[in-house]
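Shown next, in structure tokens, is the structure this report addresses.
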Amino acid sequence: MIICLAVNDAWAQQWHVLPKDNLQRILDQTKDGDIVLLSNAIYSGNFIINKAITLKGVSIANSTGDIDGSIIDAGGQGHALHLQHSNIHLENLSIINWGDDLTDQNAGIYSDQKSHNITIKNNHLQGDGFGMWLQNIEQVTVEDNTVIGNDTLRSADRGNGIQLSNVKKARVKGNNISKTRDGLYIISSQDNVLEHNTMHNLRYGIHYMYSHSNKVLNNLAFNTRAGYALMSSRHLTVIGNRTQDSEDYGFLLNFITYSTISNNQIVNVWTKPENKVLGRDGKGLFVYNSAYNTIADNLIDTTEIGIHLTAGSEYTQVYSNSFINNPTQVKYVSNKKQEWSKDGQGNYWSNYLGWDINNDNIGDVIFEPNDGIDKLVWQYPEMKMLMDSPAVVILRWVQKQFPVLKPPGVKDSFPLMHSKHQLQRIPNSKSEQSPCSPTEPQLTAKP
């Protein structure tokens with residue numbers, strides 16, 4: 001059925017596609033500006049969109065875990081939807097069963113041609129390959145979609161939930177991604193905003209590579225190996241994010257420069273006992289070969305190592321953070337001393353034993369969270385059983401009395417007596433459903 005409408009003084013057609021209709025034939029007959037409305041039905045095939053159109057369905061989740069509405073079933077191969085034009089709008093579609101060939105970049109929604117103004121909103125995707133592969137696009141909106149991978153596959157054999165490659169001015173907001181390899185994977189992309197997304201049960205929640213001038217705001221990651229893996233990028237603004245129940249890293253910064261990491265919550269980063277090997281500890285913040293950054297106003301709570309800086313990670317401002325309940329607060333490997341305070345404001349350390357005589361919330365005793373003994377323990381972990389021995393106590397006393405023997409390390413000259421952070425834990429996802437991750441329907445076609 002075809003209905004003609006006047007839109008912006010130009011004639012556009014509205015196509016109502018019935019289950020018996022050939023969807024690809026209709027897509028080929030459309031003209032720029034047309035609207036294609038799918039019925040409550042299953043459309044099987046691999047579809048190409050090469051016009052500036054709107055493709056819209058009816059997507060209704062029900063309590064049985066099935067999906068009623070407009071279902072695109074790719075038959076286990078290739079891309080479900082291949083976008084080959086600018087000004088395309090996709091909405092309310094259920095997309096399932098696309099290919100699993102990662103070399104061919106099989107995806108539920110795939111776009112690799114230079115284009116602009118793509119909108120992908122309120123769609124449900126479930127499959128083995130990439131959920132969305134978006135490349136060479138300027139101005140793209142990806143909002144309120146659900147992407148579910150296949151956790152029966154090895155992590156390395158799954159695609160990423162949403163992958164942006166050479167994309168500019170993207171806005172990725174309100175998506176829920178689970179069981180893929182990485183949730184959001186961003187490579188060689190500039191001037192993008194990722195906000196209010198929820199990523200869980202995957203390898204990395206958000207993974208950055210070679211991308212600059214991006215904003216990462218108010219996202220949630222849980223049950224991951226690393227909540228946020230930021231690599232080889234600069235001028236990142238990472239504010240208001242949360243990560244909980246990561247196994248290896250809350251935030252991993254590898255060759256990150258001129259970036260701001262602030263007002264984030266990192267909770268419960270702990271390597272599972274069965275995966276324990278020498279040197280593998282859960283790190284709240286792991287900063288490797290990264291410099292000229294600001295790390296401020298973050299909460300790091302219950303991690304095996306609160307913050308680990310190494311490999312030339314210098315000239316970084318660290319202040320106003322709360323380090324709480326971390327067995328090792330700081331692991332610092334460098335030949336330069338660092339002062340972790342700014343304008344008379346240091347950090348809160350839950351193991352600080354100093355005092356505050358004038359009640360200004362600043363400790364009167366300098367805090368040095370790591371010393372020569374700590375470094376020996378890092379090099380020789382078996383020394384931990386001797387930490388309370390008289391020999392170690394004497395070594396610490398000698399080091400304090402003769403500072404010339406003290407190795408380069410971290411010093412907080414203005415430690416805070418109280419933490420300003422109020423921890424807002426999300427329920428353990430293994431036993432309770434997080435309020436930030438609504439129950440996800442399994443996207444299977446209803447017979």
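Labeling convention for the structure tokens: chains A, B, ... as they appear, residues from 1 per chain, ligands from 1 in order of appearance.
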Stretch 97-111 of chain A environment, 8 Å, only C-alpha atoms, sequence neighbours closer than 4 positions dropped, as a list in words: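 Residues meeting the cut-off are Asp73, Ala74, Gly75, Gly76, Gln77, Gly78, His79, Ala80, Leu81, His82, Leu83, Gln84, Leu125, Gln126, Gly127, Asp128, Gly129, Phe130, Gly131, Met132, Trp133, Leu134, Gln135, Asp157, Arg158 and Gly159 of chain A.
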Contacts of A:Lys342 at 8 Å (only C-alpha atoms; same-chain gap of 4+ positions) as a ChimeraX atom specification: /A:317-319,346
Residues flagged strand (DSSP E or B) by DSSP in stretch 31-174 of chain A, as a PyMOL selection string: chain A and resi 35-38+42-44+47-49+54-56+59-61+67-69+71-73+81-83+88-91+94-96+107-111+115-121+124-126+130-135+137-143+146-148+162-165+168-173
Among listed residues A:Leu217, A:Ile148, A:Val36, A:Ile137, nearest A:Ser189 (using only C-alpha atoms):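 Of A:Leu217, A:Ile148, A:Val36, A:Ile137, the one nearest A:Ser189 is A:Ile137, counting only C-alpha atoms.
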Nearest-residue call for A:Ile72, choices A:Leu285, A:Ala41, A:Leu202, A:Leu184, using only C-alpha atoms: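 Selected residue with least distance to A:Ile72: A:Ala41.
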Neighbour list for stretch 229-233 of chain A as a PyMOL selection string, cut-off 7 Å, only C-alpha atoms, skip fewer than 4 positions in-chain: chain A and resi 204+206-212+251-257
Atoms kept (all heavy atoms) for selection, written as a compact mmCIF listing (two decimals), in the first residue's frame:
# COMPACT_ATOMS: atom_id res chain seq x y z
N TYR A 204 35.22 -5.26 27.74
CA TYR A 204 35.36 -3.86 28.11
C TYR A 204 34.03 -3.14 27.89
O TYR A 204 33.39 -3.33 26.84
CB TYR A 204 36.43 -3.16 27.27
CG TYR A 204 37.81 -3.74 27.35
CD1 TYR A 204 38.73 -3.56 26.31
CD2 TYR A 204 38.25 -4.46 28.46
CE1 TYR A 204 40.01 -4.08 26.37
CE2 TYR A 204 39.53 -4.98 28.53
CZ TYR A 204 40.40 -4.80 27.48
OH TYR A 204 41.67 -5.32 27.54
N ILE A 206 33.52 0.38 27.65
CA ILE A 206 33.85 1.34 26.60
C ILE A 206 35.33 1.20 26.28
O ILE A 206 36.17 1.19 27.17
CB ILE A 206 33.52 2.78 27.02
CG1 ILE A 206 32.00 2.96 27.14
CG2 ILE A 206 34.09 3.79 26.03
CD1 ILE A 206 31.57 4.35 27.58
N HIS A 207 35.65 1.10 25.00
CA HIS A 207 37.03 0.87 24.56
C HIS A 207 37.38 1.93 23.52
O HIS A 207 36.76 2.00 22.44
CB HIS A 207 37.14 -0.53 23.95
CG HIS A 207 38.54 -0.95 23.65
ND1 HIS A 207 38.83 -2.20 23.12
CD2 HIS A 207 39.74 -0.33 23.80
CE1 HIS A 207 40.15 -2.30 22.95
NE2 HIS A 207 40.70 -1.17 23.36
N TYR A 208 38.36 2.78 23.85
CA TYR A 208 38.81 3.83 22.94
C TYR A 208 40.17 3.50 22.35
O TYR A 208 41.07 3.07 23.07
CB TYR A 208 38.93 5.17 23.69
CG TYR A 208 37.70 6.04 23.57
CD1 TYR A 208 36.70 6.00 24.53
CD2 TYR A 208 37.56 6.91 22.49
CE1 TYR A 208 35.59 6.81 24.42
CE2 TYR A 208 36.44 7.72 22.38
CZ TYR A 208 35.46 7.67 23.34
OH TYR A 208 34.35 8.45 23.23
N MET A 209 40.34 3.75 21.04
CA MET A 209 41.63 3.62 20.37
C MET A 209 41.80 4.77 19.38
O MET A 209 40.93 5.01 18.53
CB MET A 209 41.71 2.29 19.60
CG MET A 209 41.71 1.04 20.47
SD MET A 209 43.21 0.84 21.46
CE MET A 209 44.44 0.63 20.19
N TYR A 210 42.89 5.53 19.50
CA TYR A 210 43.27 6.55 18.53
C TYR A 210 42.15 7.55 18.25
O TYR A 210 41.88 7.92 17.11
CB TYR A 210 43.72 5.90 17.21
CG TYR A 210 44.72 4.80 17.38
CD1 TYR A 210 44.36 3.47 17.16
CD2 TYR A 210 46.02 5.07 17.80
CE1 TYR A 210 45.28 2.44 17.35
CE2 TYR A 210 46.95 4.04 17.98
CZ TYR A 210 46.57 2.74 17.74
OH TYR A 210 47.48 1.73 17.93
N SER A 211 41.46 7.96 19.30
CA SER A 211 40.34 8.89 19.14
C SER A 211 40.56 10.09 20.05
O SER A 211 41.03 9.95 21.18
CB SER A 211 39.02 8.19 19.49
OG SER A 211 38.77 7.12 18.61
N HIS A 212 40.19 11.28 19.57
CA HIS A 212 40.53 12.50 20.28
C HIS A 212 39.29 13.40 20.44
O HIS A 212 38.33 13.31 19.65
CB HIS A 212 41.63 13.26 19.53
CG HIS A 212 42.75 12.38 19.06
ND1 HIS A 212 43.42 11.53 19.93
CD2 HIS A 212 43.29 12.18 17.84
CE1 HIS A 212 44.35 10.86 19.25
NE2 HIS A 212 44.27 11.23 17.98
N PHE A 251 39.24 1.58 35.47
CA PHE A 251 39.64 2.41 34.34
C PHE A 251 41.07 2.03 33.95
O PHE A 251 41.97 2.01 34.79
CB PHE A 251 39.62 3.90 34.70
CG PHE A 251 38.25 4.52 34.67
CD1 PHE A 251 37.34 4.26 35.69
CD2 PHE A 251 37.87 5.36 33.64
CE1 PHE A 251 36.09 4.83 35.67
CE2 PHE A 251 36.61 5.94 33.62
CZ PHE A 251 35.71 5.67 34.63
N LEU A 252 41.27 1.73 32.68
CA LEU A 252 42.58 1.44 32.13
C LEU A 252 42.96 2.59 31.21
O LEU A 252 42.29 2.85 30.21
CB LEU A 252 42.57 0.12 31.35
CG LEU A 252 43.74 -0.16 30.42
CD1 LEU A 252 45.04 -0.24 31.18
CD2 LEU A 252 43.50 -1.45 29.64
N LEU A 253 44.03 3.32 31.55
CA LEU A 253 44.52 4.42 30.73
C LEU A 253 45.88 4.03 30.17
O LEU A 253 46.85 3.87 30.91
CB LEU A 253 44.67 5.71 31.56
CG LEU A 253 43.42 6.56 31.82
CD1 LEU A 253 42.37 5.79 32.61
CD2 LEU A 253 43.79 7.83 32.56
N ASN A 254 45.94 3.86 28.87
CA ASN A 254 47.18 3.46 28.20
C ASN A 254 47.49 4.49 27.12
O ASN A 254 46.79 4.60 26.13
CB ASN A 254 47.01 2.07 27.58
CG ASN A 254 48.27 1.57 26.89
OD1 ASN A 254 49.27 2.27 26.84
ND2 ASN A 254 48.22 0.37 26.35
N PHE A 255 48.56 5.27 27.34
CA PHE A 255 48.95 6.34 26.44
C PHE A 255 47.81 7.33 26.22
O PHE A 255 47.43 7.66 25.10
CB PHE A 255 49.46 5.78 25.11
CG PHE A 255 50.23 6.79 24.30
CD1 PHE A 255 51.04 7.75 24.91
CD2 PHE A 255 50.16 6.78 22.92
CE1 PHE A 255 51.74 8.68 24.16
CE2 PHE A 255 50.86 7.71 22.16
CZ PHE A 255 51.65 8.67 22.78
N ILE A 256 47.26 7.81 27.32
CA ILE A 256 46.24 8.85 27.32
C ILE A 256 46.90 10.16 27.75
O ILE A 256 47.61 10.20 28.75
CB ILE A 256 45.09 8.49 28.27
CG1 ILE A 256 44.39 7.22 27.79
CG2 ILE A 256 44.09 9.64 28.39
CD1 ILE A 256 43.70 7.34 26.45
N THR A 257 46.67 11.23 27.00
CA THR A 257 47.29 12.52 27.32
C THR A 257 46.26 13.63 27.28
O THR A 257 45.24 13.54 26.58
CB THR A 257 48.42 12.85 26.34
OG1 THR A 257 47.92 12.79 25.00
CG2 THR A 257 49.57 11.85 26.47
Test item: residues at most 12 Å from A:Ile239, only C-alpha atoms, excluding those fewer than 6 positions along its chain, as a list of chain:residue names: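 In the requested form, the answer reads A:Val193, A:Leu194, A:Glu195, A:His196, A:Asn214, A:Lys215, A:Val216, A:Leu217, A:Asn218, A:Asn219, A:Leu220, A:Tyr228, A:Ser259, A:Thr260, A:Ile261, A:Ser262, A:Asn263, A:Asn264, A:Gln265, A:Thr294, A:Ile295, A:Ala296, A:Asp297, A:Asn298, A:Leu299.
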Contact residues around A:Gly250 with only C-alpha atoms at 8 Å, ignoring same-chain residues under 5 positions, as a ChimeraX atom specification: /A:226-228,243-244,266-267,269,283-286
Atoms to include: N, CA, C and O atoms. Write the selected residues as a CSV table (one decimal), in the first residue's frame.
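This went into selection-v8.csv:
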chain,number,residue,atom,x,y,z
A,226,ALA,N,37.2,-4.9,32.2
A,226,ALA,CA,37.5,-3.5,32.5
A,226,ALA,C,36.3,-2.7,32.1
A,226,ALA,O,35.7,-2.8,31.1
A,227,GLY,N,36.0,-1.8,33.1
A,227,GLY,CA,34.8,-1.0,32.8
A,227,GLY,C,35.1,0.0,31.6
A,227,GLY,O,34.3,0.1,30.7
A,228,TYR,N,36.2,0.7,31.7
A,228,TYR,CA,36.6,1.6,30.6
A,228,TYR,C,38.0,1.5,30.2
A,228,TYR,O,38.9,1.6,31.1
A,243,THR,N,31.7,2.2,37.3
A,243,THR,CA,32.0,0.9,37.0
A,243,THR,C,32.0,0.1,38.3
A,243,THR,O,32.5,0.5,39.3
A,244,GLN,N,31.4,-1.1,38.2
A,244,GLN,CA,31.3,-2.0,39.4
A,244,GLN,C,31.5,-3.4,39.0
A,244,GLN,O,31.1,-3.8,37.9
A,266,ILE,N,34.4,4.0,41.0
A,266,ILE,CA,35.0,2.7,40.7
A,266,ILE,C,34.8,1.9,41.9
A,266,ILE,O,35.4,2.2,43.0
A,267,VAL,N,34.0,0.8,41.8
A,267,VAL,CA,33.7,0.0,43.0
A,267,VAL,C,33.9,-1.5,42.7
A,267,VAL,O,33.5,-2.0,41.7
A,269,VAL,N,36.8,-3.9,42.3
A,269,VAL,CA,37.6,-4.4,41.2
A,269,VAL,C,38.5,-5.5,41.8
A,269,VAL,O,39.4,-5.2,42.5
A,283,LYS,N,42.7,-3.6,39.6
A,283,LYS,CA,43.2,-2.2,39.8
A,283,LYS,C,42.1,-1.2,39.5
A,283,LYS,O,41.5,-1.3,38.4
A,284,GLY,N,41.8,-0.4,40.5
A,284,GLY,CA,40.8,0.6,40.3
A,284,GLY,C,41.1,1.5,39.1
A,284,GLY,O,40.3,1.7,38.1
A,285,LEU,N,42.3,2.2,39.2
A,285,LEU,CA,42.8,3.0,38.1
A,285,LEU,C,44.2,2.4,37.7
A,285,LEU,O,45.1,2.4,38.5
A,286,PHE,N,44.4,2.1,36.5
A,286,PHE,CA,45.7,1.6,36.0
A,286,PHE,C,46.1,2.6,34.9
A,286,PHE,O,45.5,2.8,33.9
12 Å contact set for A:Asp360, only C-alpha atoms, chain neighbours under 6 positions out, as an MDAnalysis selection string: chainID A and resid 344:345 414:418
Between atom CA of A:Gly161 and atom CA of A:Ile35 - distance in Å to one decimal: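 Between atom CA of A:Ile35 and atom CA of A:Gly161 the gap is 26.9 Å.
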Long-range neighbours of A:His124 as a PyMOL selection string, 6 Å cut-off, only C-alpha atoms, 6 positions minimum in chain: chain A and resi 94+145-146
